[in-house]
Structure formats: structure tokens, C-alpha cells
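Reproduced below: structure-v1.txt, with compact mmCIF, C-alpha atoms.
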```txt
# COMPACT_ATOMS: atom_id res chain seq x y z
CA MET Z 26 -62.07 140.60 61.37
CA LYS Z 27 -64.35 143.26 62.78
CA ARG Z 28 -67.61 141.45 62.16
CA PRO Z 29 -66.85 138.46 64.43
CA LEU Z 30 -65.75 140.86 67.16
CA ARG Z 31 -69.08 142.68 66.97
CA LEU Z 32 -70.97 139.37 67.27
CA LEU Z 33 -68.87 138.07 70.17
CA PRO Z 34 -70.81 139.77 73.03
CA ALA Z 35 -74.10 138.32 71.77
CA LEU Z 36 -72.60 134.87 71.45
CA LEU Z 37 -71.18 135.06 74.95
CA ALA Z 38 -74.54 136.16 76.34
CA LEU Z 39 -76.44 133.26 74.76
CA PRO Z 40 -75.53 130.58 77.35
CA VAL Z 41 -76.46 133.00 80.14
CA VAL Z 42 -79.93 133.47 78.64
CA LEU Z 43 -80.41 129.71 78.29
CA ALA Z 44 -79.21 129.09 81.86
CA ALA Z 45 -81.71 131.65 83.15
CA GLN Z 46 -84.66 129.72 81.69
CA SER Z 47 -86.62 127.55 84.08
CA LEU Z 48 -87.26 123.92 83.25
CA GLY Z 49 -90.91 124.80 82.66
CA GLN Z 50 -89.95 127.43 80.11
CA ARG Z 51 -87.72 124.95 78.28
CA VAL Z 52 -90.51 122.37 78.20
CA ALA Z 53 -92.98 124.94 76.86
CA ALA Z 54 -90.50 126.14 74.24
CA LEU Z 55 -89.74 122.59 73.05
CA GLY Z 56 -93.33 121.88 72.06
CA ASP Z 57 -92.80 118.19 71.21
CA GLY Z 58 -89.79 116.04 71.95
CA THR Z 59 -87.71 114.61 74.79
CA ILE Z 60 -85.75 116.38 77.52
CA ARG Z 61 -83.24 114.63 79.75
CA LEU Z 62 -81.45 115.94 82.83
CA SER Z 63 -79.43 114.71 85.80
CA PHE Z 64 -78.74 115.93 89.33
CA ALA Z 65 -77.13 114.74 92.58
CA ALA Z 66 -79.04 112.20 94.68
CA ARG Z 67 -79.56 112.71 98.40
CA ALA Z 68 -77.80 110.51 100.93
CA GLY Z 69 -79.01 106.93 101.03
CA VAL Z 70 -80.50 106.92 97.52
CA CYS Z 71 -79.13 104.39 95.07
CA GLY Z 72 -80.24 102.45 92.03
CA ASN Z 73 -79.27 99.99 89.34
CA GLY Z 74 -79.76 102.45 86.49
CA ALA Z 75 -83.07 100.86 85.52
CA ASN Z 76 -86.35 100.73 87.45
CA ASN Z 77 -84.87 99.69 90.81
CA ILE Z 78 -84.50 102.70 93.14
CA THR Z 79 -83.65 102.07 96.79
CA ILE Z 80 -83.37 104.30 99.86
CA VAL Z 81 -81.00 102.70 102.34
CA ASP Z 82 -79.57 103.49 105.76
CA HIS Z 83 -75.83 103.86 106.28
CA ASP Z 84 -74.03 100.62 107.16
CA ASP Z 85 -70.40 100.70 108.33
CA GLU Z 86 -69.91 97.02 107.57
CA TRP Z 87 -71.57 96.38 104.20
CA GLU Z 88 -72.20 98.21 100.95
CA GLY Z 89 -74.03 96.75 97.97
CA ASN Z 90 -73.50 97.32 94.28
CA CYS Z 91 -76.28 99.89 94.11
CA GLU Z 92 -75.08 103.12 92.39
CA ARG Z 93 -75.32 106.26 94.55
CA GLY Z 94 -76.56 108.49 91.75
CA PRO Z 95 -77.00 110.63 89.91
CA VAL Z 96 -80.77 110.92 89.57
CA ARG Z 97 -81.69 110.92 85.88
CA VAL Z 98 -85.02 112.18 84.52
CA SER Z 99 -86.41 111.70 81.03
CA MET Z 100 -89.46 113.76 80.03
CA HIS Z 101 -91.55 113.20 76.92
CA VAL Z 102 -93.12 116.50 75.95
CA ARG Z 103 -96.29 116.95 73.88
CA GLY Z 104 -97.75 120.35 73.15
CA GLY Z 105 -95.40 122.06 75.58
CA ALA Z 106 -96.39 119.87 78.56
CA VAL Z 107 -94.94 116.69 80.07
CA SER Z 108 -97.06 113.73 78.92
CA GLU Z 109 -94.80 111.00 80.32
CA ALA Z 110 -91.68 110.90 82.51
CA HIS Z 111 -89.24 108.36 83.89
CA ALA Z 112 -86.88 108.60 86.87
CA TYR Z 113 -83.69 106.54 87.26
CA VAL Z 114 -80.73 106.45 89.63
CA GLY Z 115 -77.30 105.57 88.28
CA GLY Z 116 -76.62 104.06 84.89
CA ARG Z 117 -76.08 106.17 81.78
CA TRP Z 118 -78.10 107.50 78.90
CA ARG Z 119 -78.12 105.68 75.61
CA GLN Z 120 -77.32 107.79 72.56
CA GLN Z 121 -80.62 109.02 71.14
CA SER Z 122 -82.30 112.11 69.80
CA GLY Z 123 -83.54 114.69 72.26
CA THR Z 124 -82.36 117.57 74.41
CA ASP Z 125 -79.90 116.72 77.19
CA LEU Z 126 -79.61 119.53 79.74
CA GLY Z 127 -76.70 117.81 81.48
CA THR Z 128 -76.21 117.94 85.26
CA LEU Z 129 -78.29 120.63 87.00
CA PRO Z 130 -78.19 121.92 90.61
CA ALA Z 131 -80.26 119.44 92.62
CA ALA Z 132 -82.39 121.89 94.61
CA ALA Z 133 -83.34 123.97 91.57
CA ALA Z 134 -84.11 120.83 89.54
CA ALA Z 135 -86.39 119.46 92.29
CA SER Z 136 -88.29 122.75 92.51
CA ASP Z 137 -88.79 122.88 88.74
CA LEU Z 138 -89.86 119.24 88.57
CA LEU Z 139 -92.57 119.82 91.20
CA ALA Z 140 -93.80 122.86 89.29
CA LEU Z 141 -94.05 120.73 86.15
CA ALA Z 142 -95.88 117.97 88.08
CA GLU Z 143 -98.79 120.36 88.70
CA ARG Z 144 -99.41 120.66 84.97
CA SER Z 145 -98.47 117.17 83.82
CA SER Z 146 -100.55 114.09 83.14
CA ASP Z 147 -100.96 111.49 85.90
CA ASP Z 148 -98.14 109.34 84.50
CA GLY Z 149 -95.79 112.28 84.14
CA GLY Z 150 -96.63 113.84 87.51
CA GLU Z 151 -95.88 110.71 89.52
CA ALA Z 152 -92.40 110.25 88.05
CA LEU Z 153 -91.58 113.95 88.42
CA ILE Z 154 -92.54 113.89 92.11
CA THR Z 155 -90.50 110.71 92.69
CA ALA Z 156 -87.45 112.29 91.07
CA ALA Z 157 -87.82 115.48 93.13
CA THR Z 158 -87.94 113.52 96.41
CA LEU Z 159 -84.56 111.95 95.55
CA ALA Z 160 -82.76 115.29 95.07
CA ASP Z 161 -79.85 116.30 97.27
CA SER Z 162 -79.72 119.49 99.38
CA THR Z 163 -83.40 120.37 99.42
CA THR Z 164 -86.52 120.07 101.60
CA ILE Z 165 -89.62 119.51 99.50
CA TRP Z 166 -92.34 118.41 101.91
CA PRO Z 167 -94.02 121.87 102.02
CA ARG Z 168 -94.35 121.76 98.21
CA LEU Z 169 -95.70 118.19 98.39
CA LEU Z 170 -98.31 119.33 100.89
CA ASP Z 171 -99.34 122.14 98.56
CA LEU Z 172 -99.63 119.68 95.65
CA ALA Z 173 -101.73 117.26 97.71
CA ARG Z 174 -104.24 120.00 98.52
CA LYS Z 175 -104.63 121.47 95.03
CA THR Z 176 -107.86 120.29 93.43
CA SER Z 177 -106.59 121.39 90.00
CA VAL Z 178 -103.83 118.75 90.13
CA PRO Z 179 -104.63 115.24 88.72
CA MET Z 180 -105.86 112.87 91.44
CA ASP Z 181 -103.11 110.27 90.98
CA THR Z 182 -100.48 113.00 91.23
CA ARG Z 183 -102.02 114.20 94.50
CA ARG Z 184 -102.04 110.64 95.87
CA HIS Z 185 -98.37 110.28 94.98
CA ALA Z 186 -97.56 113.54 96.77
CA ILE Z 187 -99.30 112.20 99.89
CA PHE Z 188 -97.37 108.93 99.68
CA TRP Z 189 -94.03 110.78 99.66
CA LEU Z 190 -95.22 113.07 102.46
CA GLY Z 191 -95.60 109.90 104.50
CA GLN Z 192 -91.97 109.05 103.79
CA ALA Z 193 -90.67 112.54 104.52
CA ALA Z 194 -88.60 113.04 107.67
CA GLY Z 195 -89.85 115.22 110.49
CA ALA Z 196 -92.94 115.69 112.65
CA ALA Z 197 -93.94 118.70 110.54
CA ALA Z 198 -94.80 116.41 107.63
CA ALA Z 199 -96.96 114.29 109.94
CA ARG Z 200 -98.84 117.42 111.06
CA GLY Z 201 -99.48 118.25 107.42
CA LEU Z 202 -100.89 114.78 106.76
CA ASP Z 203 -103.06 115.11 109.85
CA SER Z 204 -104.55 118.31 108.43
CA ILE Z 205 -105.35 116.60 105.09
CA ALA Z 206 -107.13 113.77 106.91
CA ALA Z 207 -109.25 116.29 108.82
CA ASP Z 208 -110.10 118.47 105.80
CA GLY Z 209 -113.81 118.01 105.14
CA ARG Z 210 -113.53 119.73 101.77
CA GLY Z 211 -111.10 117.13 100.46
CA ASP Z 212 -111.78 113.89 98.61
CA LEU Z 213 -112.49 110.92 100.93
CA GLU Z 214 -109.95 108.73 99.16
CA LEU Z 215 -107.27 111.39 99.63
CA ARG Z 216 -108.08 111.65 103.35
CA GLU Z 217 -107.75 107.88 103.68
CA GLN Z 218 -104.46 108.02 101.75
CA ALA Z 219 -103.21 110.60 104.27
CA VAL Z 220 -104.15 108.21 107.09
CA PHE Z 221 -102.19 105.43 105.40
CA ALA Z 222 -99.20 107.76 104.96
CA LEU Z 223 -99.31 108.55 108.70
CA SER Z 224 -99.22 104.82 109.41
CA GLN Z 225 -95.86 104.68 107.59
CA ARG Z 226 -94.27 107.33 109.81
CA PRO Z 227 -92.14 106.36 112.85
CA GLU Z 228 -94.39 105.34 115.72
CA GLU Z 229 -93.67 108.42 117.84
CA GLU Z 230 -95.05 110.60 115.02
CA GLY Z 231 -97.65 108.39 113.37
CA VAL Z 232 -99.38 106.67 116.28
CA PRO Z 233 -100.40 109.83 118.21
CA ALA Z 234 -101.75 111.36 114.98
CA LEU Z 235 -103.73 108.22 114.18
CA ILE Z 236 -105.15 108.10 117.71
CA ARG Z 237 -106.18 111.74 117.38
CA ILE Z 238 -107.95 110.96 114.10
CA ALA Z 239 -109.62 107.84 115.52
CA ARG Z 240 -110.95 109.82 118.47
CA SER Z 241 -112.10 113.04 116.87
CA ASN Z 242 -112.20 113.00 113.07
CA PRO Z 243 -115.77 113.87 112.00
CA TYR Z 244 -115.80 111.26 109.20
CA ALA Z 245 -116.59 107.67 110.10
CA GLU Z 246 -114.64 106.16 107.17
CA VAL Z 247 -111.54 108.15 108.10
CA ARG Z 248 -111.82 107.08 111.77
CA LYS Z 249 -112.25 103.46 110.63
CA SER Z 250 -109.15 103.70 108.46
CA ALA Z 251 -107.13 105.14 111.36
CA LEU Z 252 -108.28 102.31 113.64
CA PHE Z 253 -107.31 99.73 111.03
CA TRP Z 254 -103.74 101.04 110.75
CA LEU Z 255 -103.46 101.39 114.51
CA GLY Z 256 -104.35 97.69 114.67
CA GLN Z 257 -101.37 96.90 112.45
CA SER Z 258 -98.98 98.82 114.70
CA GLU Z 259 -99.27 96.63 117.84
CA ASP Z 260 -98.42 99.79 119.77
CA PRO Z 261 -99.53 99.72 123.47
CA ARG Z 262 -101.20 103.11 123.02
CA ALA Z 263 -103.33 101.65 120.23
CA LEU Z 264 -104.33 98.71 122.43
CA ALA Z 265 -105.33 101.12 125.18
CA LEU Z 266 -107.54 103.02 122.72
CA PHE Z 267 -109.22 99.80 121.54
CA GLU Z 268 -109.93 98.81 125.15
CA GLU Z 269 -111.42 102.25 125.81
CA LEU Z 270 -113.65 102.11 122.72
CA LEU Z 271 -114.81 98.55 123.32
CA ARG Z 272 -115.80 99.35 126.88
```

Please render this file's structure as C-alpha cells.
Amino acid sequence: MKRPLRLLPALLALPVVLAAQSLGQRVAALGDGTIRLSFAARAGVCGNGANNITIVDHDDEWEGNCERGPVRVSMHVRGGAVSEAHAYVGGRWRQQSGTDLGTLPAAAAASDLLALAERSSDDGGEALITAATLADSTTIWPRLLDLARKTSVPMDTRRHAIFWLGQAAGAAAARGLDSIAADGRGDLELREQAVFALSQRPEEEGVPALIRIARSNPYAEVRKSALFWLGQSEDPRALALFEELLR
């Protein structure tokens, strides 16, 4: 009877130790295998449990059959790093081998997923970023901006970070994209991707930034890209700029 009592404190402490591990530590410790996790989706995010993920506005009159979460992430790990990942919304896991971490706090999961995206392959990084952008109760655009600027991160992962920056709410994200477009040390394709992302922002944020780039960016290809997307906007301010330039 005494021996189990002596072991009890250690057994009770074990879940606490596991809970204290970051997702990155668990991936590194796994070596090879599959890790699955779930977390709450932010408002407006829904899916069919497969590859269809939608971000919708609230409608008082109509609601579709799209499931409002949770976000589910599957990570295939090789050599202690994520080699491939998949993001889903709704649905349920099939029974299969692997480690299921269950439902995690959304903000912490998003932060850990972005940290993993820095060290993952292109395929893994894109899905991890997508999943992080869907998380409830967190603001991730500053981390996306950091990812987009890091030359050590795979190029496709950086492009994906810029795409989601363009979808992020708030003028601050637009200012960050503006700075990427103007960064002469950055890759030309990334600067043009930042211009495209600005074109996807609401007109009151995107159009002034694009006009600024078209007027003063030191790189002709970036200015040309800004003018192209301004031409798609049909905004009166863009037409005024074209008239000014043509004269």
C-alpha cells in the first residue's frame, strides 16, 4: 500500500509537465509521426470538415450548413520538424494512429503554429499559417509581418504570410504591407505580393497606400504593379492619379 502512495505525487505531476511543453517541443520530441490538435475558430469562420473553409459575414436572415468550428490541424512530422500539414474546420477525425493533443487554447495554439511555420517546409508552413489565422481570441498580424520579412523562412511561406496580412483587419496591417513594398532589401516578388495584398484591403486603407507606392516607390516594377491594381479599383482617386501621370 505504501509504494503506490509514494508514486502518486510523480504521477499527478506528469500531466502538468506535458501541459507545460510547447507545441514545438512536442514536435521535436516526437521525431517521426503525426500530431493532431483542435481549437476554437474565430467568428465568421466555418467549413465542411474537408478542404472547404469559408470566412463569412454575419447575416440575421440566413445561415448555411457550414460548421462553425473547431479548427483542426494535422501535422506530419519527420526528423522532429513539420514536413506536411493540413487545416480543416468542422468535421471529425477518423480513428488512426498518431498523437491527438485534443482541444487546445486558441491563442496559444496559433502562436505555436506560427513558430512552427518558421521551421517547416513550404507545404507545412502554408497550412500552419492558414490554421493560425482562423484561431479565436488572438491578433496575429504582427507575427505574420515578422514571418514575411525573415529571409530564413521558405519563400512560399513568406508569400502566404503576406497574403493573410492582406486579409487582416485594421489599417496597421496595411502600413506593414506598405513597408514591405518599399523595402529595397527584399525580394522583388515579395514586394509585388505585398502590393497585391494591399489591393485586397478595403478601399479606404488600400487605395491611399497604392497611390503612395505608385508615386514614390523607387522600384519601377513595384510602381507598375501598384498602378495595375489601382486600375482594377475604379476608385476616383486612382483615376485622378492616372490623369496626373498621363498629363

Selection: 10 Å around region 91-101 of chain Z, all atoms listed in the file, excl. self and same-chain fewer than 4 positions, as a PyMOL selection string = chain Z and resi 52+57-74+77-81+105-118+123-125+127-128+131+138+149+152-153+155-157+159-161

ask   = From the set Z:Leu48, Z:Ala207, Z:Leu190, Z:Leu202, which residue has the shortest atom-to-atom contact distance to Ala142 (chain Z), counting only C-alpha atoms?
value = Z:Leu48

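Remark: for Arg103 (chain Z), the closest of the candidate residues Z:Ala54, Z:Ala133, Z:Val178, Z:Leu139 is Z:Ala54 (distances computed over only C-alpha atoms).
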
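Here CA of Glu217 (chain Z) stands at a distance of 27.7 Å from CA of Thr163 (chain Z).
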
ask   = CA of Gly256 (chain Z) and CA of Ile236 (chain Z), how far apart in Å?
value = 10.9 Å

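Considering the residues Z:Ser146, Z:Ser250, Z:Thr158, Z:Gln192 and counting all atoms listed in the file, Glu214 (chain Z) has its shortest atom-to-atom contact with Z:Ser250.
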
note = Min atom-atom distance to Ile154 (chain Z) from the set Z:Ala206, Z:Leu126, Z:Ala186, Z:Ala199, counting only C-alpha atoms, belongs to Z:Ala186

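CA of Arg226 (chain Z) is found 28.7 Å from CA of Arg144 (chain Z).
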
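Proximity ranking of Z:Ala173, Z:Leu252, Z:Leu129, Z:Ala53 relative to Gly150 (chain Z) places Z:Ala173 first, based on only C-alpha atoms.
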
query = Can you list, as a PyMOL selection string, every protein, DNA or RNA residue that comes within 8 Å of Trp254 (chain Z) when you count only C-alpha atoms, leaving out same-chain residues fewer than 4 positions away?
reply = chain Z and resi 221+224+235+250+258

Would you write out those residues with C-alpha atoms, as a PDB file, in the frame of the given file?
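Contents of selection-v6.pdb, as written:
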```
ATOM      1  CA  PHE Z 221    -102.190 105.430 105.400  1.00  0.00           C
ATOM      2  CA  SER Z 224     -99.220 104.820 109.410  1.00  0.00           C
ATOM      3  CA  LEU Z 235    -103.730 108.220 114.180  1.00  0.00           C
ATOM      4  CA  SER Z 250    -109.150 103.700 108.460  1.00  0.00           C
ATOM      5  CA  SER Z 258     -98.980  98.820 114.700  1.00  0.00           C
TER       6      SER Z 258
END
```

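For the set Z:Leu270, Z:Ser136, Z:Ile205, Z:Asp148, the residue with the smallest atom-to-atom gap to Leu170 (chain Z) is Z:Ile205, counting only C-alpha atoms.
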
Could you add N, CA and C atoms to region 114-142 of chain Z and give me the result as an mmCIF file, keeping the file's coordinate frame?
```
data_model
loop_
_atom_site.group_PDB
_atom_site.id
_atom_site.type_symbol
_atom_site.label_atom_id
_atom_site.label_comp_id
_atom_site.auth_asym_id
_atom_site.auth_seq_id
_atom_site.Cartn_x
_atom_site.Cartn_y
_atom_site.Cartn_z
ATOM 1 N N VAL Z 114 -81.903 106.105 88.825
ATOM 2 C CA VAL Z 114 -80.730 106.450 89.630
ATOM 3 C C VAL Z 114 -79.569 105.599 89.130
ATOM 4 N N GLY Z 115 -78.466 106.269 88.802
ATOM 5 C CA GLY Z 115 -77.300 105.570 88.280
ATOM 6 C C GLY Z 115 -77.435 105.287 86.793
ATOM 7 N N GLY Z 116 -76.588 104.409 86.301
ATOM 8 C CA GLY Z 116 -76.620 104.060 84.890
ATOM 9 C C GLY Z 116 -76.137 105.197 84.007
ATOM 10 N N ARG Z 117 -76.497 105.132 82.742
ATOM 11 C CA ARG Z 117 -76.080 106.170 81.780
ATOM 12 C C ARG Z 117 -77.106 106.219 80.667
ATOM 13 N N TRP Z 118 -77.168 107.355 80.016
ATOM 14 C CA TRP Z 118 -78.100 107.500 78.900
ATOM 15 C C TRP Z 118 -77.573 106.764 77.670
ATOM 16 N N ARG Z 119 -78.474 106.166 76.939
ATOM 17 C CA ARG Z 119 -78.120 105.680 75.610
ATOM 18 C C ARG Z 119 -78.090 106.864 74.657
ATOM 19 N N GLN Z 120 -77.345 106.744 73.576
ATOM 20 C CA GLN Z 120 -77.320 107.790 72.560
ATOM 21 C C GLN Z 120 -78.655 107.785 71.816
ATOM 22 N N GLN Z 121 -79.345 108.911 71.843
ATOM 23 C CA GLN Z 121 -80.620 109.020 71.140
ATOM 24 C C GLN Z 121 -80.938 110.488 70.920
ATOM 25 N N SER Z 122 -81.925 110.726 70.069
ATOM 26 C CA SER Z 122 -82.300 112.110 69.800
ATOM 27 C C SER Z 122 -82.995 112.700 71.009
ATOM 28 N N GLY Z 123 -82.922 114.011 71.139
ATOM 29 C CA GLY Z 123 -83.540 114.690 72.260
ATOM 30 C C GLY Z 123 -82.618 115.758 72.801
ATOM 31 N N THR Z 124 -83.112 116.494 73.784
ATOM 32 C CA THR Z 124 -82.360 117.570 74.410
ATOM 33 C C THR Z 124 -81.827 117.110 75.760
ATOM 34 N N ASP Z 125 -80.522 117.098 75.919
ATOM 35 C CA ASP Z 125 -79.900 116.720 77.190
ATOM 36 C C ASP Z 125 -79.391 117.973 77.868
ATOM 37 N N LEU Z 126 -79.993 118.320 79.016
ATOM 38 C CA LEU Z 126 -79.610 119.530 79.740
ATOM 39 C C LEU Z 126 -78.387 119.313 80.613
ATOM 40 N N GLY Z 127 -77.885 118.088 80.671
ATOM 41 C CA GLY Z 127 -76.700 117.810 81.480
ATOM 42 C C GLY Z 127 -77.035 117.734 82.957
ATOM 43 N N THR Z 128 -76.047 118.008 83.798
ATOM 44 C CA THR Z 128 -76.210 117.940 85.260
ATOM 45 C C THR Z 128 -76.604 119.315 85.786
ATOM 46 N N LEU Z 129 -77.756 119.376 86.457
ATOM 47 C CA LEU Z 129 -78.290 120.630 87.000
ATOM 48 C C LEU Z 129 -78.134 120.654 88.516
ATOM 49 N N PRO Z 130 -78.176 121.848 89.141
ATOM 50 C CA PRO Z 130 -78.190 121.920 90.610
ATOM 51 C C PRO Z 130 -79.412 121.178 91.158
ATOM 52 N N ALA Z 131 -79.201 120.337 92.151
ATOM 53 C CA ALA Z 131 -80.260 119.440 92.620
ATOM 54 C C ALA Z 131 -81.479 120.182 93.158
ATOM 55 N N ALA Z 132 -81.258 121.186 93.992
ATOM 56 C CA ALA Z 132 -82.390 121.890 94.610
ATOM 57 C C ALA Z 132 -83.245 122.589 93.569
ATOM 58 N N ALA Z 133 -82.607 123.262 92.623
ATOM 59 C CA ALA Z 133 -83.340 123.970 91.570
ATOM 60 C C ALA Z 133 -84.089 122.983 90.690
ATOM 61 N N ALA Z 134 -83.457 121.848 90.365
ATOM 62 C CA ALA Z 134 -84.110 120.830 89.540
ATOM 63 C C ALA Z 134 -85.346 120.275 90.239
ATOM 64 N N ALA Z 135 -85.239 119.988 91.543
ATOM 65 C CA ALA Z 135 -86.390 119.460 92.290
ATOM 66 C C ALA Z 135 -87.545 120.447 92.289
ATOM 67 N N SER Z 136 -87.248 121.728 92.504
ATOM 68 C CA SER Z 136 -88.290 122.750 92.510
ATOM 69 C C SER Z 136 -88.985 122.831 91.155
ATOM 70 N N ASP Z 137 -88.208 122.808 90.083
ATOM 71 C CA ASP Z 137 -88.790 122.880 88.740
ATOM 72 C C ASP Z 137 -89.595 121.635 88.402
ATOM 73 N N LEU Z 138 -89.132 120.478 88.842
ATOM 74 C CA LEU Z 138 -89.860 119.240 88.570
ATOM 75 C C LEU Z 138 -91.233 119.240 89.266
ATOM 76 N N LEU Z 139 -91.291 119.752 90.494
ATOM 77 C CA LEU Z 139 -92.570 119.820 91.200
ATOM 78 C C LEU Z 139 -93.513 120.810 90.538
ATOM 79 N N ALA Z 140 -92.969 121.905 90.019
ATOM 80 C CA ALA Z 140 -93.800 122.860 89.290
ATOM 81 C C ALA Z 140 -94.377 122.222 88.029
ATOM 82 N N LEU Z 141 -93.568 121.425 87.342
ATOM 83 C CA LEU Z 141 -94.050 120.730 86.150
ATOM 84 C C LEU Z 141 -95.090 119.671 86.511
ATOM 85 N N ALA Z 142 -94.941 119.025 87.676
ATOM 86 C CA ALA Z 142 -95.880 117.970 88.080
ATOM 87 C C ALA Z 142 -97.304 118.499 88.202
#
```
